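Undergrad: Quick one, coords30.txt (compact mmCIF, C-alpha atoms and all ligand atoms):
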```txt
# COMPACT_ATOMS: atom_id res chain seq x y z
CA MET A 1 0.00 0.00 0.00
CA HIS A 2 1.28 3.49 -0.86
CA GLY A 3 0.85 6.01 1.96
CA ARG A 4 0.68 9.74 1.47
CA LEU A 5 4.21 10.35 2.78
CA GLU A 6 5.94 7.96 0.40
CA GLY A 7 9.46 9.22 -0.37
CA LYS A 8 9.49 11.62 2.59
CA VAL A 9 12.12 11.31 5.32
CA VAL A 10 10.75 12.19 8.77
CA TYR A 11 12.87 12.43 11.91
CA ILE A 12 11.30 12.27 15.39
CA THR A 13 12.93 12.96 18.75
CA GLY A 14 11.47 11.39 21.89
CA ALA A 15 10.38 8.58 19.58
CA ALA A 16 10.64 5.65 22.02
CA SER A 17 7.48 6.49 23.95
CA GLY A 18 4.10 8.20 24.00
CA ILE A 19 3.46 10.94 21.46
CA GLY A 20 6.77 10.51 19.64
CA LEU A 21 6.19 6.78 19.24
CA ALA A 22 2.63 7.34 18.00
CA CYS A 23 4.00 9.82 15.43
CA ALA A 24 6.61 7.28 14.30
CA GLN A 25 3.91 4.63 13.84
CA ARG A 26 1.61 7.02 11.95
CA PHE A 27 4.37 8.22 9.61
CA ALA A 28 5.40 4.61 8.95
CA GLU A 29 1.76 3.79 8.10
CA GLU A 30 1.87 6.69 5.63
CA SER A 31 4.96 5.07 4.00
CA ALA A 32 7.47 7.69 5.16
CA VAL A 33 11.07 6.77 5.90
CA VAL A 34 11.03 7.10 9.69
CA VAL A 35 14.07 7.82 11.86
CA GLY A 36 13.69 8.10 15.61
CA SER A 37 15.91 9.16 18.47
CA ASP A 38 15.52 9.01 22.24
CA ILE A 39 17.55 8.95 25.44
CA GLN A 40 15.91 5.60 26.23
CA THR A 41 15.34 2.60 24.02
CA ASN A 42 12.20 0.59 23.26
CA ASP A 43 12.46 -3.17 22.70
CA ARG A 44 9.24 -3.14 20.68
CA TRP A 45 10.30 -0.31 18.33
CA SER A 46 10.98 -2.55 15.31
CA ASP A 47 7.66 -4.38 15.76
CA LEU A 48 5.73 -1.14 16.15
CA VAL A 49 7.45 1.08 13.58
CA GLY A 50 9.31 -1.26 11.21
CA ASP A 51 12.51 -3.30 10.90
CA ASP A 52 14.15 -0.73 8.65
CA ALA A 53 13.41 2.29 10.87
CA PRO A 54 16.42 3.19 13.06
CA LEU A 55 16.00 4.40 16.66
CA PHE A 56 19.19 6.25 17.60
CA GLU A 57 20.26 6.99 21.14
CA LEU A 58 20.28 10.77 21.74
CA ASP A 59 20.18 13.20 24.61
CA VAL A 60 18.66 16.30 22.99
CA ARG A 61 20.87 18.51 25.20
CA ASP A 62 23.96 17.24 23.34
CA GLU A 63 24.55 19.52 20.34
CA THR A 64 27.33 17.38 18.89
CA ALA A 65 25.20 14.24 19.04
CA GLN A 66 22.27 16.11 17.45
CA HIS A 67 24.47 16.98 14.44
CA GLU A 68 25.88 13.44 14.26
CA ILE A 69 22.40 11.95 13.91
CA VAL A 70 21.52 14.38 11.15
CA SER A 71 24.76 13.38 9.37
CA ARG A 72 23.79 9.71 9.66
CA ILE A 73 20.31 10.41 8.26
CA LEU A 74 21.82 12.32 5.33
CA ALA A 75 24.39 9.58 4.66
CA GLU A 76 21.65 6.95 4.56
CA TYR A 77 18.68 8.78 3.02
CA GLY A 78 20.07 12.02 1.54
CA ARG A 79 17.38 14.40 2.81
CA ILE A 80 15.14 15.39 5.71
CA ASP A 81 11.60 16.48 4.87
CA GLY A 82 10.06 16.67 8.31
CA VAL A 83 11.01 16.79 11.95
CA VAL A 84 8.87 16.29 15.05
CA THR A 85 10.49 17.33 18.34
CA ALA A 86 8.64 15.21 20.90
CA ALA A 87 11.42 14.73 23.49
CA GLY A 88 10.38 16.33 26.75
CA VAL A 89 10.02 16.02 30.50
CA ALA A 90 7.57 17.27 33.11
CA GLY A 91 8.53 19.40 36.09
CA GLY A 92 7.25 22.25 38.19
CA GLY A 93 5.93 23.52 41.48
CA PRO A 94 5.29 26.96 42.98
CA VAL A 95 8.21 29.29 42.32
CA HIS A 96 9.24 29.91 45.95
CA ALA A 97 9.85 26.17 46.34
CA LEU A 98 11.56 25.47 43.01
CA ASP A 99 14.76 23.55 42.84
CA ILE A 100 17.00 25.50 40.44
CA GLU A 101 18.62 22.33 39.11
CA ASN A 102 15.24 20.88 38.17
CA TRP A 103 14.20 24.21 36.60
CA GLN A 104 17.38 24.21 34.50
CA LEU A 105 16.99 20.54 33.51
CA VAL A 106 13.47 21.12 32.20
CA GLN A 107 14.48 24.24 30.24
CA ASP A 108 17.52 22.42 28.84
CA ILE A 109 15.54 19.42 27.59
CA ASN A 110 12.25 21.01 26.55
CA LEU A 111 13.39 24.37 25.17
CA THR A 112 17.11 24.19 24.43
CA GLY A 113 16.76 20.58 23.20
CA THR A 114 14.05 21.65 20.76
CA MET A 115 16.19 24.53 19.53
CA LEU A 116 19.20 22.22 19.07
CA THR A 117 17.17 19.77 16.98
CA ALA A 118 15.97 22.62 14.77
CA LYS A 119 19.54 23.96 14.56
CA ALA A 120 20.82 20.55 13.47
CA VAL A 121 18.28 20.03 10.66
CA LEU A 122 18.00 23.60 9.36
CA PRO A 123 21.15 23.65 7.14
CA THR A 124 19.78 20.60 5.27
CA MET A 125 16.32 22.11 4.92
CA MET A 126 17.84 25.44 3.80
CA GLU A 127 19.80 23.65 1.10
CA GLN A 128 16.70 21.71 0.03
CA ARG A 129 14.63 24.92 0.26
CA SER A 130 11.90 22.82 1.85
CA GLY A 131 11.01 21.19 5.15
CA SER A 132 8.46 21.09 7.92
CA ILE A 133 9.44 21.45 11.58
CA VAL A 134 6.77 20.40 14.07
CA THR A 135 7.49 21.13 17.71
CA VAL A 136 5.51 19.61 20.56
CA ALA A 137 4.64 22.38 23.01
CA SER A 138 1.57 22.19 25.28
CA ILE A 139 -1.67 23.93 26.17
CA GLU A 140 0.35 24.83 29.26
CA GLY A 141 2.59 26.92 27.02
CA ILE A 142 -0.49 28.93 26.04
CA GLU A 143 -2.09 29.47 29.42
CA GLY A 144 -0.95 29.09 33.03
CA CYS A 145 -2.03 26.47 35.54
CA GLU A 146 -1.47 25.85 39.23
CA GLY A 147 2.01 24.53 39.96
CA GLY A 148 3.07 24.49 36.33
CA SER A 149 5.75 27.20 36.42
CA THR A 150 8.81 25.29 35.20
CA TYR A 151 7.17 23.19 32.50
CA ASN A 152 4.89 25.99 31.33
CA ALA A 153 7.76 28.45 30.93
CA SER A 154 9.64 25.89 28.82
CA LYS A 155 6.61 25.21 26.61
CA GLY A 156 5.78 28.92 26.22
CA GLY A 157 9.36 29.27 25.02
CA VAL A 158 8.88 26.42 22.53
CA ILE A 159 5.85 28.19 21.03
CA LEU A 160 7.69 31.47 20.48
CA LEU A 161 10.80 29.69 19.24
CA THR A 162 8.59 27.93 16.69
CA LYS A 163 6.93 31.15 15.56
CA ASN A 164 10.39 32.67 15.16
CA LEU A 165 11.50 29.73 13.01
CA ALA A 166 8.47 30.42 10.81
CA ASN A 167 9.50 34.08 10.54
CA ASP A 168 13.14 33.41 9.79
CA TYR A 169 12.95 30.52 7.35
CA GLY A 170 9.60 30.88 5.54
CA ARG A 171 11.24 32.54 2.50
CA LEU A 172 13.35 29.41 2.13
CA GLY A 173 10.27 27.19 1.93
CA ILE A 174 10.61 25.89 5.48
CA ARG A 175 7.49 25.74 7.66
CA ALA A 176 7.44 25.57 11.46
CA ASN A 177 4.41 24.88 13.63
CA ALA A 178 3.84 23.94 17.26
CA ILE A 179 1.32 21.36 18.42
CA CYS A 180 -0.16 22.17 21.84
CA PRO A 181 -1.58 18.93 23.24
CA GLY A 182 -4.12 18.81 26.04
CA PHE A 183 -3.73 15.99 28.57
CA ILE A 184 -2.77 12.89 26.59
CA GLN A 185 -2.62 9.37 28.01
CA THR A 186 1.08 8.54 27.72
CA PRO A 187 3.73 7.34 30.20
CA MET A 188 4.35 11.01 31.14
CA PHE A 189 0.64 11.42 31.91
CA GLU A 190 0.56 8.16 33.89
CA ALA A 191 3.50 9.36 36.01
CA THR A 192 1.80 12.62 36.98
CA VAL A 193 -1.99 12.84 36.60
CA PRO A 194 -3.08 9.84 38.74
CA LEU A 195 -1.10 11.46 41.62
CA MET A 196 -3.67 14.25 41.61
CA GLY A 197 -6.47 12.00 42.85
CA GLU A 198 -9.99 13.35 42.35
CA ARG A 199 -8.59 16.71 41.23
CA ALA A 200 -7.64 14.96 38.00
CA ASP A 201 -11.39 14.74 37.25
CA ARG A 202 -11.58 18.55 37.21
CA ILE A 203 -8.76 18.70 34.71
CA ARG A 204 -10.44 16.09 32.51
CA GLU A 205 -13.68 18.09 32.61
CA GLN A 206 -11.90 21.15 31.19
CA HIS A 207 -11.46 19.15 27.98
CA LYS A 208 -14.83 20.05 26.45
CA LEU A 209 -15.09 16.63 24.81
CA GLY A 210 -15.13 15.27 28.37
CA ARG A 211 -12.19 12.88 28.08
CA TRP A 212 -8.40 12.62 27.97
CA GLY A 213 -6.64 12.57 24.61
CA GLU A 214 -4.80 9.71 22.90
CA ALA A 215 -1.27 9.87 21.49
CA THR A 216 -2.67 8.84 18.09
CA GLU A 217 -4.73 12.06 18.07
CA ILE A 218 -1.55 14.12 18.39
CA ALA A 219 0.06 11.97 15.69
CA GLY A 220 -2.85 12.86 13.39
CA ALA A 221 -2.13 16.57 13.83
CA ALA A 222 1.60 15.97 13.34
CA TYR A 223 0.83 14.10 10.11
CA PHE A 224 -1.22 17.09 8.89
CA LEU A 225 1.56 19.55 9.70
CA ILE A 226 4.30 17.42 8.10
CA SER A 227 2.26 16.63 4.99
CA GLU A 228 1.50 18.84 2.00
CA ASP A 229 -2.08 19.14 3.29
CA SER A 230 -0.72 21.99 5.44
CA SER A 231 1.39 23.60 2.69
CA PHE A 232 0.15 27.13 3.60
CA VAL A 233 0.29 26.67 7.38
CA THR A 234 3.27 28.06 9.25
CA GLY A 235 3.87 29.85 12.55
CA VAL A 236 0.82 28.28 14.15
CA ALA A 237 0.44 27.05 17.74
CA LEU A 238 -2.25 24.42 17.21
CA PRO A 239 -4.16 23.24 20.29
CA VAL A 240 -5.03 19.56 19.99
CA ASP A 241 -6.78 19.57 23.29
CA GLY A 242 -10.40 18.45 23.09
CA GLY A 243 -11.43 22.09 23.62
CA TYR A 244 -9.39 22.67 26.82
CA THR A 245 -8.35 26.16 25.71
CA ALA A 246 -11.78 27.03 24.23
CA GLY A 247 -13.00 28.44 27.55
CA HIS A 248 -13.83 27.48 31.12
CA TRP A 249 -16.25 24.65 31.84
CA TYR A 250 -18.51 25.12 34.88
CA GLY A 251 -21.07 22.40 34.15
CA MET A 252 -23.80 24.64 32.68
CA THR A 253 -24.21 22.10 29.92
CA THR A 254 -25.92 19.92 32.56
CA LEU A 255 -28.48 22.67 33.27
CA MET A 256 -29.04 23.15 29.55
CA GLY A 257 -29.61 19.46 28.93
CA LEU A 258 -26.57 19.24 26.68
CA GLU A 259 -25.10 16.03 28.10
N1 LIG B 301 1.18 13.62 27.71
C1 LIG B 301 0.70 14.84 27.80
O1 LIG B 301 -0.37 15.08 28.42
C2 LIG B 301 1.39 15.99 27.12
C3 LIG B 301 0.70 17.21 27.03
C4 LIG B 301 1.30 18.28 26.41
C5 LIG B 301 2.58 18.16 25.88
N2 LIG B 301 3.25 16.97 26.00
C6 LIG B 301 4.59 16.90 25.44
O2 LIG B 301 4.65 15.86 24.50
C7 LIG B 301 6.01 15.40 24.40
C8 LIG B 301 6.00 13.88 24.51
O3 LIG B 301 5.54 13.55 25.82
P1 LIG B 301 4.81 12.17 26.15
O4 LIG B 301 3.58 12.51 26.87
O5 LIG B 301 4.76 11.33 24.94
O6 LIG B 301 5.80 11.62 27.26
P2 LIG B 301 6.74 10.31 27.28
O7 LIG B 301 7.46 10.40 28.57
O8 LIG B 301 5.95 9.12 26.94
O9 LIG B 301 7.76 10.60 26.07
C9 LIG B 301 8.77 11.55 26.17
C10 LIG B 301 10.02 10.95 25.56
O10 LIG B 301 11.07 11.94 25.62
C11 LIG B 301 12.26 11.26 25.94
N3 LIG B 301 13.24 12.15 26.54
C12 LIG B 301 13.21 12.71 27.77
N4 LIG B 301 14.33 13.41 27.98
C13 LIG B 301 15.08 13.29 26.87
C14 LIG B 301 16.35 13.77 26.48
N5 LIG B 301 17.10 14.53 27.30
N6 LIG B 301 16.82 13.48 25.25
C15 LIG B 301 16.09 12.71 24.42
N7 LIG B 301 14.88 12.20 24.72
C16 LIG B 301 14.40 12.49 25.94
C17 LIG B 301 11.83 10.17 26.94
O11 LIG B 301 12.81 9.16 27.05
C18 LIG B 301 10.53 9.71 26.34
O12 LIG B 301 10.69 8.62 25.47
C19 LIG B 301 6.76 16.09 25.54
O13 LIG B 301 7.48 17.18 25.01
C20 LIG B 301 5.67 16.56 26.45
O14 LIG B 301 6.06 17.68 27.20
C21 LIG B 301 2.67 15.88 26.60
```
What does this structure look like when you write it as structure tokens?
TA:
Amino acid sequence: MHGRLEGKVVYITGAASGIGLACAQRFAEESAVVVGSDIQTNDRWSDLVGDDAPLFELDVRDETAQHEIVSRILAEYGRIDGVVTAAGVAGGGPVHALDIENWQLVQDINLTGTMLTAKAVLPTMMEQRSGSIVTVASIEGIEGCEGGSTYNASKGGVILLTKNLANDYGRLGIRANAICPGFIQTPMFEATVPLMGERADRIREQHKLGRWGEATEIAGAAYFLISEDSSFVTGVALPVDGGYTAGHWYGMTTLMGLE
């Protein structure tokens, strides 16, 4: 079967788990050449994504390693059409109680790591005069939330970095867009949200569709932004959030008989 990304080379960071893994699977289904990287491995990667799809070990904070992976992709496949920067970590707390080392770690991985991936692929895309960079930010980079200081600052930075990429490289045919997921059921979600107890229900309710999201639903948006279907879309911070950022939900839909 010929998918709609046949002949395209797509590189994904944070590809061993969650959203990055779902993107890798979706792009493989669409017949793209898929290359992943992650600081951890995944024994099921070949089964899930394909025998011929490499999963390189990478810490996104390592600029030299970022460039080495791009060199390996170019040596093997000759081009890079799309990049999804899904590597990321959670972290936060109220500012007076923040641990500066944790603050710095989160900024280094989420924001600086994203910038370094873009920096590594841009010379290739500039030479090609084409490419699509999709960053994974968050709804928490758009609006604040209790206790989210560290993570939210990093994701707000990712959104503006992405808009700046769109400004700087659009004339060269390179697009850059940020996906802002709502709460998505991945290992990161499982490590944090259940700890919130019944308060997690209030967060779920703010998603106007009344449920958590799935990693495949973020992969669908990433597919759109990598593919030619989005050829005139750049500089966008796209919420994929079940309506979380559409407004506040107070339960009036119950009164109005809309449930
Ligand atoms: N799950 C959610 O609710 C949610 C919501 C909004 C945004 N996001 C963002 O989506 C992205 C993917 O998160 P996820 O939910 O799939 O979590 P996840 O933990 O399943 O996946 C994140 C991946 O990033 C990798 N990673 C972490 N540090 C790294 C480093 N230094 N170098 C390379 N790789 C590293 C991890 O090993 C992991 O495989 C993250 O950027 C996250 O902030 C997630």
Undergrad: If you measure from CA of Ala120 in chain A to CA of Val84 in chain A, what distance in Å do you get, rounded to one decimal?
TA: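 Calculated distance between CA of Ala120 in chain A and CA of Val84 in chain A is 12.8 Å.
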Undergrad: Between CA of His67 in chain A and atom C19 of ligand LIG 301 (chain B), what is the distance, to one decimal in Å?
TA: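 Rounded to one decimal, the two atoms are 20.9 Å apart.
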Undergrad: Would you compute the distance between CA of Gly257 in chain A and CA of Gln206 in chain A? Give it in Å to one decimal.
TA: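 One can read the CA of Gly257 in chain A to CA of Gln206 in chain A distance as 17.9 Å.
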Undergrad: Give the answer as one residue: which of A:Ala53, A:Ala221, A:Ala178, A:Val136 has the shortest atom-to-atom distance to ligand LIG 301 (chain B), using only C-alpha atoms and all ligand atoms?
TA: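 Comparing A:Ala53, A:Ala221, A:Ala178, A:Val136 against ligand LIG 301 (chain B), the winner is A:Val136.
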Undergrad: Which protein, DNA or RNA residues have an atom within 7 Å of ligand LIG 301 (chain B), counting only C-alpha atoms and all ligand atoms, as an MDAnalysis selection string?
TA: chainID A and resid 13:20 37:40 58:61 86:90 109:110 136:139 180:189
Undergrad: Within 8 Å of range 124-135 of chain A, counting all atoms listed in the file, which residues qualify if same-chain residues fewer than 4 places away don't, as a PyMOL selection string?
TA: chain A and resi 79-86+114+118+158-159+162+169+172-179+222+225-226
Undergrad: Using all atoms listed in the file, pick whichever of A:Gly170, A:Gly210, A:Pro194, A:Gly220 has the shortest atom-to-atom distance to Leu122 in chain A.
TA: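 Distance minimum relative to Leu122 in chain A lands on A:Gly170.
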Undergrad: Skipping near chain neighbours, those fewer than 3 positions away, what residues fall within 10 Å of Trp45 in chain A using all atoms listed in the file, listed as a PyMOL selection string?
TA: chain A and resi 15-17+21+24-25+36+41-42+48-51+53-55
Undergrad: Hey, what's within 9 Å of Gln107 in chain A if we count all atoms listed in the file and toss same-chain stuff fewer than 3 positions away? As number ranges by chain, please?
TA: A: 102-104, 110-113, 150-151, 153-155, 157
Undergrad: Next, write the just-selected residues to a file, as an mmCIF file, keeping the file's coordinate frame, keeping C-alpha atoms as the atom set.
TA:
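And here's selection-v2.cif as it stands now:
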```cif
data_model
loop_
_atom_site.group_PDB
_atom_site.id
_atom_site.type_symbol
_atom_site.label_atom_id
_atom_site.label_comp_id
_atom_site.auth_asym_id
_atom_site.auth_seq_id
_atom_site.Cartn_x
_atom_site.Cartn_y
_atom_site.Cartn_z
ATOM 1 C CA ASN A 102 15.240 20.880 38.170
ATOM 2 C CA TRP A 103 14.200 24.210 36.600
ATOM 3 C CA GLN A 104 17.380 24.210 34.500
ATOM 4 C CA ASN A 110 12.250 21.010 26.550
ATOM 5 C CA LEU A 111 13.390 24.370 25.170
ATOM 6 C CA THR A 112 17.110 24.190 24.430
ATOM 7 C CA GLY A 113 16.760 20.580 23.200
ATOM 8 C CA THR A 150 8.810 25.290 35.200
ATOM 9 C CA TYR A 151 7.170 23.190 32.500
ATOM 10 C CA ALA A 153 7.760 28.450 30.930
ATOM 11 C CA SER A 154 9.640 25.890 28.820
ATOM 12 C CA LYS A 155 6.610 25.210 26.610
ATOM 13 C CA GLY A 157 9.360 29.270 25.020
#
```
Undergrad: Which residues come within 9 Å of Trp249 in chain A, counting all atoms listed in the file, excluding same-chain residues fewer than 5 positions away, as JSON, numbers by chain?
TA: {"A": [205, 206, 207, 208, 244]}
Undergrad: When you count all atoms listed in the file, which of these residues is closest to Tyr11 in chain A: A:Leu98, A:Glu68, A:Val121, A:Cys145?
TA: A:Val121
Undergrad: Please determine, counting only C-alpha atoms, which residue among A:Asn164, A:Thr234, A:Thr117, A:Thr245 has the shortest atom-to-atom distance to Glu140 in chain A.
TA: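 Checking each candidate against Glu140 in chain A, we get A:Thr245 as the closest.
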Undergrad: For a quick check of understanding, using all atoms listed in the file, which of A:Leu161, A:Ala97, A:Phe27, A:Arg171 has the smallest distance to Ala219 in chain A?
TA: A:Phe27
Undergrad: Identify the residues around (5.6, 25.9, 38.9) within a radius of 7 Å, measuring from only C-alpha atoms in the coordinates stated by the file, and give them as a compact mmCIF listing (two decimals) with C-alpha atoms, in the coordinates of the input.
TA:
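Contents of selection_33.txt, as written:
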```txt
# COMPACT_ATOMS: atom_id res chain seq x y z
CA GLY A 92 7.25 22.25 38.19
CA GLY A 93 5.93 23.52 41.48
CA PRO A 94 5.29 26.96 42.98
CA VAL A 95 8.21 29.29 42.32
CA GLY A 147 2.01 24.53 39.96
CA GLY A 148 3.07 24.49 36.33
CA SER A 149 5.75 27.20 36.42
CA THR A 150 8.81 25.29 35.20
```
Undergrad: With distances taken over all atoms listed in the file, which residue among A:Ser230, A:Glu143, A:Tyr250, A:Thr216 lies nearest Arg202 in chain A?
TA: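 Going through A:Ser230, A:Glu143, A:Tyr250, A:Thr216 one by one, the smallest distance to Arg202 in chain A is for A:Tyr250.
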Undergrad: Enclose all atoms of range 60-65 of chain A listed in the file in an axis-aligned box, grow every side by 6 Å, and hand back centre and edge lengths in Å to one decimal, as lines of an AutoDock Vina configuration file.
TA:
```
center_x = 23.0
center_y = 16.9
center_z = 22.0
size_x = 20.7
size_y = 17.3
size_z = 18.3
```
Undergrad: Identify the residues within 10 Å of coordinate (26.0, 16.1, 11.2) (same frame as the file), considering all atoms listed in the file, and give the answer as a list of chain:residue names.
TA: A:Glu63, A:Thr64, A:Ala65, A:Gln66, A:His67, A:Glu68, A:Ile69, A:Val70, A:Ser71, A:Arg72, A:Ile73, A:Leu74, A:Ala75, A:Ala120, A:Val121, A:Pro123, A:Thr124
